[in-house]
>>> print(open('input20.cif').read())   # mmCIF, C-alpha atoms and all ligand atoms
data_coords
#
loop_
_atom_site.label_atom_id
_atom_site.label_comp_id
_atom_site.auth_asym_id
_atom_site.auth_seq_id
_atom_site.Cartn_x
_atom_site.Cartn_y
_atom_site.Cartn_z
CA MET V 1 0.31 3.36 3.56
CA SER V 2 -1.46 1.59 6.37
CA GLU V 3 0.72 -0.53 8.64
CA LEU V 4 -2.24 -2.04 10.47
CA LEU V 5 -5.50 -2.80 8.66
CA PHE V 6 -8.60 -4.56 9.99
CA ILE V 7 -11.20 -5.94 7.56
CA GLU V 8 -14.09 -6.42 9.92
CA GLY V 9 -17.35 -8.36 9.99
CA GLY V 10 -17.29 -9.86 6.48
CA ARG V 11 -17.83 -13.42 5.38
CA VAL V 12 -14.28 -14.61 4.85
CA ILE V 13 -14.07 -17.27 2.13
CA ASP V 14 -10.58 -18.74 1.92
CA PRO V 15 -10.90 -22.21 0.37
CA ALA V 16 -7.16 -22.92 0.64
CA GLY V 17 -7.25 -22.22 4.37
CA GLY V 18 -10.56 -24.02 4.90
CA VAL V 19 -12.20 -20.84 6.21
CA ASP V 20 -15.79 -19.83 5.49
CA GLY V 21 -17.47 -17.68 8.11
CA ILE V 22 -17.73 -14.25 9.67
CA ARG V 23 -14.21 -13.23 10.59
CA THR V 24 -11.94 -10.24 10.93
CA VAL V 25 -8.81 -10.21 8.80
CA VAL V 26 -5.89 -8.45 10.44
CA ILE V 27 -3.13 -7.20 8.16
CA ARG V 28 0.16 -6.01 9.55
CA GLU V 29 3.12 -4.72 7.56
CA GLY V 30 1.87 -6.20 4.31
CA LYS V 31 1.22 -9.68 5.68
CA ILE V 32 -1.83 -11.54 6.96
CA ALA V 33 -1.37 -11.42 10.75
CA GLU V 34 -4.58 -13.13 11.79
CA VAL V 35 -8.02 -14.26 10.65
CA ALA V 36 -10.16 -14.51 13.77
CA GLU V 37 -13.73 -14.36 15.02
CA ARG V 38 -13.09 -11.75 17.64
CA VAL V 39 -10.12 -9.45 17.85
CA GLU V 40 -9.60 -6.08 19.51
CA ARG V 41 -8.76 -3.23 17.14
CA PRO V 42 -6.15 -0.75 18.39
CA ARG V 43 -7.11 2.88 17.92
CA ASP V 44 -4.41 3.62 15.35
CA ALA V 45 -5.51 0.80 13.01
CA ARG V 46 -7.40 1.47 9.83
CA ALA V 47 -10.68 -0.43 9.48
CA ILE V 48 -12.75 -1.57 6.52
CA ASP V 49 -16.34 -2.37 7.41
CA ALA V 50 -17.07 -5.56 5.46
CA ARG V 51 -20.42 -6.46 7.02
CA GLY V 52 -22.69 -8.03 4.40
CA ARG V 53 -19.69 -8.52 2.13
CA TRP V 54 -17.36 -11.31 1.10
CA VAL V 55 -13.68 -11.13 1.93
CA THR V 56 -11.53 -13.38 -0.25
CA PRO V 57 -7.89 -13.81 -1.16
CA GLY V 58 -7.08 -11.39 -3.98
CA LEU V 59 -8.19 -12.94 -7.26
CA VAL V 60 -5.50 -14.41 -9.53
CA ASP V 61 -5.85 -14.23 -13.33
CA LEU V 62 -3.58 -16.50 -15.39
CA HIS V 63 -4.45 -14.87 -18.71
CA VAL V 64 -4.56 -11.17 -19.53
CA HIS V 65 -3.34 -9.06 -22.44
CA LEU V 66 -1.90 -5.75 -21.28
CA ARG V 67 -0.74 -4.70 -24.79
CA GLU V 68 2.41 -2.92 -23.61
CA PRO V 69 4.89 -2.62 -25.21
CA GLY V 70 3.65 -1.71 -28.66
CA GLN V 71 -0.12 -1.24 -28.51
CA GLU V 72 -0.54 1.27 -25.73
CA TYR V 73 -3.58 2.73 -27.49
CA LYS V 74 -5.42 -0.49 -26.53
CA GLU V 75 -4.14 -0.83 -22.96
CA THR V 76 -1.03 -0.23 -20.89
CA VAL V 77 0.38 -2.19 -18.00
CA ALA V 78 -0.89 0.61 -15.74
CA THR V 79 -4.45 0.79 -17.13
CA GLY V 80 -4.69 -3.00 -17.21
CA ALA V 81 -3.47 -3.25 -13.63
CA ARG V 82 -6.00 -0.57 -12.66
CA ALA V 83 -8.80 -2.58 -14.29
CA ALA V 84 -7.52 -5.69 -12.52
CA VAL V 85 -7.75 -4.28 -9.01
CA ALA V 86 -11.14 -2.72 -9.78
CA GLY V 87 -12.30 -6.26 -10.49
CA GLY V 88 -10.70 -7.73 -7.35
CA PHE V 89 -7.68 -9.22 -9.16
CA THR V 90 -4.46 -8.65 -7.24
CA SER V 91 -2.29 -10.85 -9.48
CA VAL V 92 -2.41 -11.10 -13.26
CA CYS V 93 -0.28 -12.99 -15.79
CA ALA V 94 0.58 -10.85 -18.82
CA MET V 95 0.60 -12.72 -22.12
CA PRO V 96 3.61 -12.21 -24.40
CA ASN V 97 1.88 -11.25 -27.67
CA THR V 98 2.99 -7.63 -27.40
CA LYS V 99 4.98 -5.70 -30.00
CA PRO V 100 7.71 -6.81 -29.77
CA VAL V 101 6.77 -10.23 -28.41
CA ASN V 102 8.01 -10.96 -24.90
CA ASP V 103 10.72 -13.39 -25.98
CA THR V 104 13.66 -11.62 -24.32
CA ALA V 105 14.62 -10.44 -20.84
CA SER V 106 14.41 -6.81 -21.95
CA VAL V 107 10.67 -7.03 -22.70
CA THR V 108 10.03 -8.97 -19.49
CA GLU V 109 11.93 -6.34 -17.52
CA LEU V 110 10.00 -3.52 -19.16
CA VAL V 111 6.66 -5.08 -18.20
CA LEU V 112 7.86 -5.58 -14.62
CA ALA V 113 9.15 -2.01 -14.41
CA ARG V 114 5.83 -0.60 -15.66
CA ALA V 115 3.95 -2.76 -13.17
CA ALA V 116 6.16 -1.60 -10.30
CA ALA V 117 5.65 2.03 -11.31
CA ALA V 118 1.87 1.56 -11.40
CA GLY V 119 1.91 -0.02 -7.92
CA LEU V 120 -1.47 -1.71 -8.35
CA ALA V 121 -1.87 -5.44 -9.16
CA ARG V 122 1.09 -7.77 -9.18
CA VAL V 123 1.95 -8.47 -12.81
CA TYR V 124 3.62 -11.77 -13.71
CA PRO V 125 5.02 -11.82 -17.25
CA VAL V 126 4.57 -14.87 -19.46
CA GLY V 127 7.37 -15.40 -21.98
CA ALA V 128 7.03 -16.72 -25.52
CA ILE V 129 7.37 -20.42 -26.37
CA SER V 130 8.97 -19.60 -29.72
CA LYS V 131 10.95 -16.58 -30.92
CA GLY V 132 8.49 -13.93 -32.04
CA SER V 133 5.80 -16.56 -31.34
CA ALA V 134 6.48 -17.53 -34.95
CA GLY V 135 6.48 -21.24 -34.18
CA GLU V 136 9.91 -21.87 -35.70
CA GLU V 137 12.62 -21.59 -33.09
CA LEU V 138 12.41 -21.90 -29.30
CA ALA V 139 12.91 -18.75 -27.25
CA GLU V 140 15.62 -18.67 -24.56
CA TYR V 141 13.79 -20.07 -21.55
CA GLY V 142 16.68 -19.66 -19.14
CA GLU V 143 16.87 -15.96 -19.91
CA LEU V 144 13.08 -15.54 -19.59
CA ALA V 145 12.92 -17.48 -16.32
CA ALA V 146 15.78 -15.47 -14.85
CA ALA V 147 14.10 -12.20 -15.85
CA GLY V 148 10.89 -13.18 -14.05
CA CYS V 149 8.62 -15.05 -16.46
CA VAL V 150 6.33 -17.51 -14.66
CA ALA V 151 5.14 -19.49 -17.69
CA LEU V 152 5.60 -19.73 -21.46
CA SER V 153 3.00 -19.28 -24.19
CA ASP V 154 2.53 -18.40 -27.84
CA ASP V 155 -1.05 -17.42 -26.92
CA GLY V 156 -3.08 -16.14 -29.82
CA ARG V 157 -1.48 -18.84 -31.91
CA PRO V 158 -1.15 -22.59 -31.59
CA VAL V 159 2.27 -24.27 -31.69
CA VAL V 160 1.65 -25.97 -35.02
CA SER V 161 4.77 -28.15 -35.18
CA SER V 162 4.47 -31.22 -32.96
CA ALA V 163 8.26 -31.55 -32.93
CA LEU V 164 8.72 -27.96 -31.71
CA MET V 165 6.06 -28.54 -29.05
CA ARG V 166 7.88 -31.63 -27.87
CA ARG V 167 11.14 -29.73 -27.55
CA ALA V 168 9.38 -26.84 -25.80
CA LEU V 169 7.97 -29.19 -23.15
CA GLU V 170 11.39 -30.75 -22.60
CA TYR V 171 13.21 -27.42 -22.45
CA ALA V 172 10.64 -25.74 -20.17
CA ARG V 173 10.78 -28.66 -17.78
CA ALA V 174 14.40 -27.84 -17.05
CA PHE V 175 13.28 -24.46 -15.68
CA GLY V 176 10.10 -25.68 -13.99
CA LEU V 177 7.94 -23.45 -16.17
CA PRO V 178 4.47 -24.52 -17.34
CA LEU V 179 3.58 -24.14 -21.00
CA THR V 180 0.21 -22.42 -21.39
CA VAL V 181 -1.15 -23.37 -24.75
CA HIS V 182 -3.63 -21.90 -27.20
CA GLU V 183 -5.16 -24.97 -28.78
CA GLU V 184 -6.54 -24.82 -32.29
CA ASP V 185 -5.74 -26.74 -35.44
CA PRO V 186 -5.26 -24.08 -38.14
CA GLY V 187 -6.49 -26.36 -40.91
CA LEU V 188 -9.75 -27.05 -39.11
CA VAL V 189 -10.16 -23.39 -38.15
CA GLY V 190 -9.71 -22.27 -41.75
CA LYS V 191 -11.49 -18.96 -42.23
CA GLY V 192 -13.97 -19.70 -39.44
CA VAL V 193 -15.16 -16.79 -37.31
CA MET V 194 -17.62 -18.45 -34.90
CA HIS V 195 -18.52 -21.90 -33.56
CA GLU V 196 -19.59 -24.36 -36.24
CA GLY V 197 -23.19 -25.34 -35.58
CA ALA V 198 -26.79 -24.46 -36.26
CA ALA V 199 -26.24 -20.79 -35.45
CA SER V 200 -23.31 -20.37 -37.86
CA THR V 201 -25.28 -22.07 -40.63
CA ARG V 202 -28.27 -19.84 -40.04
CA LEU V 203 -26.15 -16.68 -39.92
CA GLY V 204 -24.13 -17.68 -42.95
CA LEU V 205 -20.84 -17.29 -41.09
CA LYS V 206 -17.92 -19.73 -41.45
CA GLY V 207 -17.68 -22.08 -38.50
CA ILE V 208 -14.89 -23.47 -36.31
CA PRO V 209 -15.70 -26.98 -35.06
CA GLY V 210 -15.02 -27.97 -31.45
CA ALA V 211 -12.75 -30.65 -32.93
CA ALA V 212 -10.25 -27.91 -33.90
CA GLU V 213 -9.56 -27.56 -30.19
CA ASP V 214 -9.95 -31.23 -29.29
CA VAL V 215 -7.27 -32.54 -31.65
CA MET V 216 -4.61 -30.11 -30.41
CA VAL V 217 -5.38 -30.84 -26.76
CA LEU V 218 -5.15 -34.57 -27.47
CA ARG V 219 -1.84 -34.07 -29.28
CA ASP V 220 -0.33 -32.04 -26.47
CA LEU V 221 -1.47 -34.52 -23.83
CA ALA V 222 0.24 -37.26 -25.83
CA LEU V 223 3.42 -35.15 -25.98
CA LEU V 224 3.19 -34.37 -22.26
CA GLU V 225 3.06 -38.07 -21.57
CA LEU V 226 6.18 -38.50 -23.69
CA THR V 227 8.25 -35.67 -22.20
CA GLY V 228 7.01 -34.91 -18.69
CA GLY V 229 6.88 -31.27 -17.72
CA ARG V 230 3.79 -29.16 -17.12
CA LEU V 231 1.00 -28.31 -19.54
CA HIS V 232 -1.67 -25.69 -18.94
CA VAL V 233 -4.52 -25.47 -21.44
CA ALA V 234 -5.68 -21.89 -21.94
CA HIS V 235 -9.32 -20.89 -22.47
CA VAL V 236 -10.85 -24.37 -22.77
CA SER V 237 -14.16 -24.18 -24.61
CA SER V 238 -15.04 -27.57 -26.10
CA ARG V 239 -16.47 -30.65 -24.41
CA GLY V 240 -14.04 -32.89 -26.29
CA ALA V 241 -11.09 -30.99 -24.80
CA ILE V 242 -12.63 -31.30 -21.35
CA ARG V 243 -13.09 -35.04 -21.75
CA ALA V 244 -9.43 -35.39 -22.75
CA ILE V 245 -8.18 -33.28 -19.84
CA ARG V 246 -10.35 -35.14 -17.34
CA GLU V 247 -9.01 -38.47 -18.57
CA ALA V 248 -5.39 -37.23 -18.54
CA LYS V 249 -5.73 -35.95 -14.96
CA ALA V 250 -7.17 -39.29 -13.90
CA ARG V 251 -4.01 -40.91 -15.30
CA GLY V 252 -1.85 -38.54 -13.29
CA LEU V 253 -0.50 -36.29 -16.06
CA ALA V 254 0.66 -32.82 -14.92
CA VAL V 255 -2.00 -30.88 -16.78
CA THR V 256 -4.03 -27.91 -15.58
CA ALA V 257 -6.61 -25.85 -17.42
CA GLU V 258 -8.58 -22.63 -17.34
CA VAL V 259 -11.94 -21.41 -18.64
CA THR V 260 -13.14 -17.86 -19.26
CA PRO V 261 -16.26 -16.24 -17.80
CA HIS V 262 -17.67 -15.76 -21.32
CA HIS V 263 -17.27 -19.43 -22.21
CA LEU V 264 -19.11 -20.29 -18.99
CA ALA V 265 -21.93 -17.85 -19.59
CA LEU V 266 -22.59 -17.35 -23.31
CA THR V 267 -23.29 -19.58 -26.32
CA ASP V 268 -23.12 -19.31 -30.10
CA GLU V 269 -26.83 -18.49 -30.03
CA ASP V 270 -25.93 -15.27 -28.20
CA VAL V 271 -23.88 -14.24 -31.24
CA ALA V 272 -27.03 -14.61 -33.29
CA GLY V 273 -29.12 -12.85 -30.64
CA SER V 274 -26.73 -9.90 -30.46
CA GLY V 275 -27.15 -9.12 -34.15
CA TYR V 276 -23.54 -10.00 -35.04
CA SER V 277 -22.05 -7.84 -32.30
CA THR V 278 -18.27 -8.04 -32.63
CA ASP V 279 -18.15 -7.78 -28.82
CA LEU V 280 -19.11 -11.46 -28.93
CA LYS V 281 -16.31 -12.38 -31.31
CA MET V 282 -13.42 -14.16 -29.65
CA ASN V 283 -11.08 -17.08 -30.10
CA PRO V 284 -11.95 -19.78 -29.21
CA PRO V 285 -15.47 -18.84 -30.20
CA LEU V 286 -18.56 -19.00 -27.98
CA ARG V 287 -19.70 -22.59 -28.35
CA SER V 288 -22.87 -24.65 -28.04
CA ALA V 289 -25.08 -24.97 -24.98
CA GLU V 290 -23.72 -28.54 -24.51
CA ASP V 291 -20.15 -27.20 -24.46
CA VAL V 292 -21.11 -24.52 -21.93
CA ARG V 293 -22.72 -27.17 -19.73
CA ALA V 294 -19.54 -29.27 -19.94
CA CYS V 295 -17.40 -26.25 -18.99
CA ARG V 296 -19.56 -25.55 -15.94
CA GLU V 297 -19.48 -29.18 -14.79
CA ALA V 298 -15.71 -29.33 -15.30
CA LEU V 299 -15.16 -26.16 -13.30
CA ALA V 300 -17.35 -27.51 -10.51
CA ASP V 301 -15.59 -30.89 -10.36
CA GLY V 302 -12.06 -29.47 -10.63
CA THR V 303 -11.20 -30.74 -14.12
CA LEU V 304 -10.84 -27.05 -14.94
CA ASP V 305 -8.57 -25.54 -12.29
CA ALA V 306 -9.12 -21.86 -12.83
CA VAL V 307 -11.28 -19.10 -14.19
CA ALA V 308 -9.12 -16.79 -16.34
CA THR V 309 -10.47 -13.75 -18.12
CA ASP V 310 -8.41 -13.69 -21.34
CA HIS V 311 -8.86 -9.92 -20.94
CA ALA V 312 -8.19 -8.71 -24.50
CA PRO V 313 -8.69 -4.98 -24.97
CA HIS V 314 -9.06 -3.63 -28.49
CA SER V 315 -9.88 -0.17 -29.80
CA ALA V 316 -12.88 0.71 -31.96
CA VAL V 317 -10.53 0.56 -34.97
CA GLU V 318 -10.25 -3.22 -34.58
CA LYS V 319 -13.83 -3.85 -33.43
CA ASP V 320 -16.14 -1.49 -35.33
CA LEU V 321 -15.97 -3.68 -38.41
CA GLU V 322 -17.99 -6.41 -40.03
CA PHE V 323 -18.06 -9.61 -37.98
CA ASP V 324 -15.71 -11.40 -40.39
CA ALA V 325 -13.10 -8.66 -40.24
CA ALA V 326 -13.19 -7.68 -36.55
CA ALA V 327 -10.44 -8.62 -34.11
CA ASN V 328 -10.99 -11.46 -31.63
CA GLY V 329 -11.30 -10.82 -27.92
CA VAL V 330 -13.19 -9.13 -25.11
CA VAL V 331 -12.25 -7.28 -21.94
CA GLY V 332 -13.08 -9.15 -18.76
CA LEU V 333 -11.23 -8.05 -15.63
CA GLU V 334 -13.97 -5.77 -14.30
CA THR V 335 -16.94 -8.05 -15.02
CA ALA V 336 -15.51 -11.52 -14.25
CA PHE V 337 -16.63 -11.74 -10.62
CA ALA V 338 -20.22 -10.65 -11.29
CA VAL V 339 -20.57 -12.86 -14.37
CA CYS V 340 -19.30 -15.90 -12.46
CA LEU V 341 -21.45 -15.08 -9.44
CA GLU V 342 -24.47 -15.51 -11.68
CA LEU V 343 -23.36 -19.14 -12.18
CA VAL V 344 -23.52 -19.58 -8.42
CA ARG V 345 -26.99 -18.08 -8.36
CA VAL V 346 -28.32 -20.51 -10.96
CA GLY V 347 -26.79 -23.44 -9.07
CA ALA V 348 -24.12 -24.31 -11.65
CA ILE V 349 -21.12 -23.88 -9.33
CA PRO V 350 -20.88 -23.84 -5.53
CA GLU V 351 -19.68 -20.46 -4.29
CA ARG V 352 -16.65 -21.78 -2.43
CA ARG V 353 -15.55 -23.69 -5.52
CA LEU V 354 -15.88 -20.52 -7.58
CA ILE V 355 -13.69 -18.56 -5.16
CA GLU V 356 -11.15 -21.40 -5.18
CA ALA V 357 -11.07 -21.34 -8.99
CA MET V 358 -10.34 -17.61 -8.90
CA THR V 359 -7.70 -17.74 -6.12
CA ALA V 360 -5.91 -20.90 -4.97
CA GLY V 361 -6.64 -22.85 -8.17
CA PRO V 362 -4.80 -20.49 -10.53
CA ALA V 363 -2.05 -19.78 -7.98
CA ARG V 364 -1.30 -23.51 -7.77
CA ALA V 365 -1.40 -24.00 -11.55
CA PHE V 366 1.52 -21.60 -12.11
CA GLY V 367 3.12 -21.95 -8.67
CA LEU V 368 2.43 -18.32 -7.82
CA PRO V 369 2.39 -16.92 -4.30
CA GLY V 370 -1.03 -15.73 -3.14
CA GLY V 371 -4.47 -17.23 -3.44
CA THR V 372 -4.82 -17.65 0.33
CA LEU V 373 -5.35 -15.64 3.49
CA ALA V 374 -3.13 -17.96 5.54
CA ARG V 375 -1.24 -16.33 8.39
CA GLY V 376 2.08 -14.99 7.16
CA ALA V 377 1.00 -14.86 3.50
CA ALA V 378 1.35 -11.62 1.57
CA ALA V 379 -1.76 -9.57 2.34
CA ASP V 380 -3.49 -9.68 -1.05
CA ALA V 381 -7.23 -9.61 -0.53
CA ALA V 382 -10.48 -8.47 -2.08
CA VAL V 383 -13.80 -7.36 -0.62
CA PHE V 384 -16.95 -7.91 -2.67
CA ASP V 385 -20.52 -6.78 -2.25
CA PRO V 386 -22.31 -9.84 -3.67
CA THR V 387 -25.64 -8.00 -3.83
CA ALA V 388 -24.57 -4.74 -5.49
CA GLU V 389 -26.34 -4.25 -8.81
CA TRP V 390 -24.76 -2.25 -11.57
CA VAL V 391 -25.09 -1.69 -15.28
CA VAL V 392 -22.03 -2.25 -17.47
CA GLU V 393 -21.18 1.03 -19.19
CA PRO V 394 -18.04 0.45 -21.26
CA GLU V 395 -16.88 4.08 -21.07
CA ARG V 396 -16.84 3.81 -17.27
CA LEU V 397 -14.49 0.83 -17.20
CA HIS V 398 -10.93 1.45 -16.08
CA SER V 399 -9.63 -0.57 -19.02
CA LYS V 400 -8.98 1.32 -22.23
CA GLY V 401 -10.84 -1.48 -24.01
CA HIS V 402 -14.60 -1.04 -24.25
CA ASN V 403 -15.16 -4.33 -26.07
CA THR V 404 -17.34 -6.06 -23.51
CA PRO V 405 -20.11 -8.53 -24.34
CA TRP V 406 -21.93 -7.30 -21.20
CA LYS V 407 -22.47 -3.76 -22.45
CA GLY V 408 -25.74 -2.40 -21.08
CA ARG V 409 -26.33 -5.54 -19.00
CA ARG V 410 -27.31 -5.38 -15.34
CA LEU V 411 -24.90 -7.47 -13.26
CA THR V 412 -24.93 -8.30 -9.56
CA GLY V 413 -21.73 -8.36 -7.50
CA ARG V 414 -18.98 -5.82 -7.29
CA CYS V 415 -15.50 -5.43 -5.84
CA THR V 416 -15.46 -2.70 -3.20
CA HIS V 417 -11.84 -2.99 -2.08
CA ALA V 418 -8.66 -4.57 -3.36
CA ILE V 419 -5.59 -4.87 -1.17
CA VAL V 420 -2.09 -5.71 -2.40
CA ALA V 421 0.67 -6.35 0.15
CA GLY V 422 -1.48 -4.68 2.80
CA ARG V 423 -2.09 -1.54 0.76
CA VAL V 424 -5.61 -0.58 -0.34
CA VAL V 425 -5.14 -0.14 -4.09
CA HIS V 426 -8.81 0.04 -5.02
CA GLU V 427 -11.71 1.46 -3.07
CA GLU V 428 -15.04 1.79 -4.79
CA GLY V 429 -16.26 5.35 -5.11
CA ARG V 430 -12.82 6.80 -4.43
CA ALA V 431 -11.23 8.85 -7.17
CA ASP V 432 -8.07 7.37 -8.62
CA ARG V 433 -4.83 8.46 -7.11
ZN ZN V 501 -5.32 -14.73 -24.82
#
>>> encode(input="input20.cif", output="structure tokens", more="lines below")
Ligand SMILES: [Zn+2]
Amino acid sequence: MSELLFIEGGRVIDPAGGVDGIRTVVIREGKIAEVAERVERPRDARAIDARGRWVTPGLVDLHVHLREPGQEYKETVATGARAAVAGGFTSVCAMPNTKPVNDTASVTELVLARAAAAGLARVYPVGAISKGSAGEELAEYGELAAAGCVALSDDGRPVVSSALMRRALEYARAFGLPLTVHEEDPGLVGKGVMHEGAASTRLGLKGIPGAAEDVMVLRDLALLELTGGRLHVAHVSSRGAIRAIREAKARGLAVTAEVTPHHLALTDEDVAGSGYSTDLKMNPPLRSAEDVRACREALADGTLDAVATDHAPHSAVEKDLEFDAAANGVVGLETAFAVCLELVRVGAIPERRLIEAMTAGPARAFGLPGGTLARGAAADAAVFDPTAEWVVEPERLHSKGHNTPWKGRRLTGRCTHAIVAGRVVHEEGRADR
């Protein structure tokens, strides 16, 4: 454990602190002591040479699936946290669709205990909106909040009953917890397995229209207006949903939203181009080029607050199947930065805005600490080499899940160091502890 750490000579990008320039970050006893242009390093301090690199607040991911308890063959809290720090994420929010569902303090406490034992990324549990995420009865929000949940979600499923959703918003408001919602109308989804459009017609696969997402977002914005409270829309993918969120924000409603790297980078035509690869099957599905353009514009203008990976590891048992039968979801923690950096390179998103959407934006959405390198803040930071090229080899990922749509692809940009509370928890090229 290093008491005094200097990250020297890198381009420090801290949108929350208004810093963008060559600086040295000084970390003392787990806190940011100073971010300065010139500062003398004592001989006993540890140094990281960050010349030619970016130094950012540790990335914050509002949406990951760590699979523990219950599906440890897919991922554990420890392997997920390892994948997180390898990707530069120092804080991740763990979705409750485990087995059992995180709808009680005992599951929340188990996740927190596993995270503490791993000693890697900070893990913030998300509790269930309804008991067993069955959509029938509200979970005990007071118990979940007291145990350490930072938000509530039935992710993987929509809250179908409007009346239950109304009561959930009212009840969560009492504890100051945001509801993070998975928006799809089950009737409109039907047996759909990809976006409804020209590609699905050509491939002969059942489609899911963008309207399946739009109508649920519109409903929940109407309920939010009725109840107050805080709504966070998970994995936004449709331009209709974006239009609704933009309009609601303009009216002052307390809504935030996230978008995944894959919904920013890939379209339904990529499903066709991949030859039905199930590594491109997820929910919501990859949508049209117009939807992708809308997602990029909304991330750039702040309508979408955060990039979140929806890291969803599966084993070959769930994925090596026909497209119709395969499980939804892709891993994303270790590729998110490089995939998003490509958006900067093509001029879709300014680089400082991207870093904000991966640090301060998500931290603000859930009221989490972190997301800044302000003096006195917990020293969570990441160092990236924005020019490092690498080829995605699934078996070399730290995640147990190998279900990545970027398999075999050459990406540019890589995390070289991750620091949590002043401790270097990931260093590229170093063997795991
Ligand atoms: Zn999810």
>>> residues_near_ligand(input="input20.cif", ligand="ligand ZN 501 (chain V)", cutoff="12 Å", atoms="all atoms listed in the file", output="NGL selection string")
:V and (61-67 or 93-98 or 126 or 153-158 or 180-183 or 233-236 or 258-260 or 282-284 or 308-313 or 328-332)
>>> atom_distance(input="input20.cif", atom1="CA of Ser200 (chain V)", atom2="CA of Val215 (chain V)")
21.1 Å
>>> residues_around(input="input20.cif", residues="Val19 (chain V)", least_positions_apart="5", cutoff="10 Å", atoms="only C-alpha atoms", output="ChimeraX atom specification")
/V:11-14,35,56,352,372-374
>>> write_last_selection(input="input20.cif", atoms="C-alpha atoms", output="compact mmCIF listing (two decimals), in the coordinates of the input")
# COMPACT_ATOMS: atom_id res chain seq x y z
CA ARG V 11 -17.83 -13.42 5.38
CA VAL V 12 -14.28 -14.61 4.85
CA ILE V 13 -14.07 -17.27 2.13
CA ASP V 14 -10.58 -18.74 1.92
CA VAL V 35 -8.02 -14.26 10.65
CA THR V 56 -11.53 -13.38 -0.25
CA ARG V 352 -16.65 -21.78 -2.43
CA THR V 372 -4.82 -17.65 0.33
CA LEU V 373 -5.35 -15.64 3.49
CA ALA V 374 -3.13 -17.96 5.54
>>> residues_around(input="input20.cif", residues="Val189 (chain V)", least_positions_apart="4", cutoff="8 Å", atoms="only C-alpha atoms", output="JSON, numbers by chain")
{"V": [184, 185, 207, 208, 209, 212]}
>>> closest_atom_pairs(input="input20.cif", of="region 6-123 of chain V", to="region 334-348 of chain V", cutoff="10 Å", atoms="only C-alpha atoms", output="CSV")
residue,atom,partner,partner_atom,distance
V:Leu59,CA,V:Phe337,CA,9.2
V:Arg82,CA,V:Glu334,CA,9.7
V:Ala83,CA,V:Glu334,CA,6.1
V:Ala84,CA,V:Glu334,CA,6.7
V:Val85,CA,V:Glu334,CA,8.3
V:Ala86,CA,V:Glu334,CA,6.1
V:Gly87,CA,V:Glu334,CA,4.2
V:Gly88,CA,V:Phe337,CA,7.9
V:Phe89,CA,V:Glu334,CA,8.8
>>> axis_aligned_box(input="input20.cif", around="region 328-347 of chain V", padding_each_side="8 Å", output="lines of an AutoDock Vina configuration file")
center_x = -19.7
center_y = -14.6
center_z = -20.0
size_x = 33.3
size_y = 33.7
size_z = 39.3
>>> closest_residue(input="input20.cif", among="V:Arg23, V:Ala265, V:Arg46, V:Leu112", to="Val424 (chain V)", atoms="only C-alpha atoms")
V:Arg46
>>> closest_residue(input="input20.cif", among="V:Met358, V:Leu152, V:Leu226, V:Leu266", to="Leu253 (chain V)", atoms="all atoms listed in the file")
V:Leu226
>>> atom_distance(input="input20.cif", atom1="CA of Ile349 (chain V)", atom2="CA of Ala300 (chain V)")
5.4 Å
>>> residues_near_point(input="input20.cif", point="(17.3, -20.6, -18.9)", cutoff="9 Å", atoms="all atoms listed in the file", output="PyMOL selection string")
chain V and resi 140-146+171-172+174-175
>>> closest_residue(input="input20.cif", among="V:Val420, V:Ile129, V:Ile355, V:Val425", to="Glu170 (chain V)", atoms="all atoms listed in the file")
V:Ile129
>>> residues_around(input="input20.cif", residues="Ala250 (chain V)", least_positions_apart="6", cutoff="12 Å", atoms="all atoms listed in the file", output="list in words")
Arg243, Ala244, Thr256, Gly302 and Thr303 of chain V
>>> atom_distance(input="input20.cif", atom1="CA of Gly197 (chain V)", atom2="CA of Ser288 (chain V)")
7.6 Å
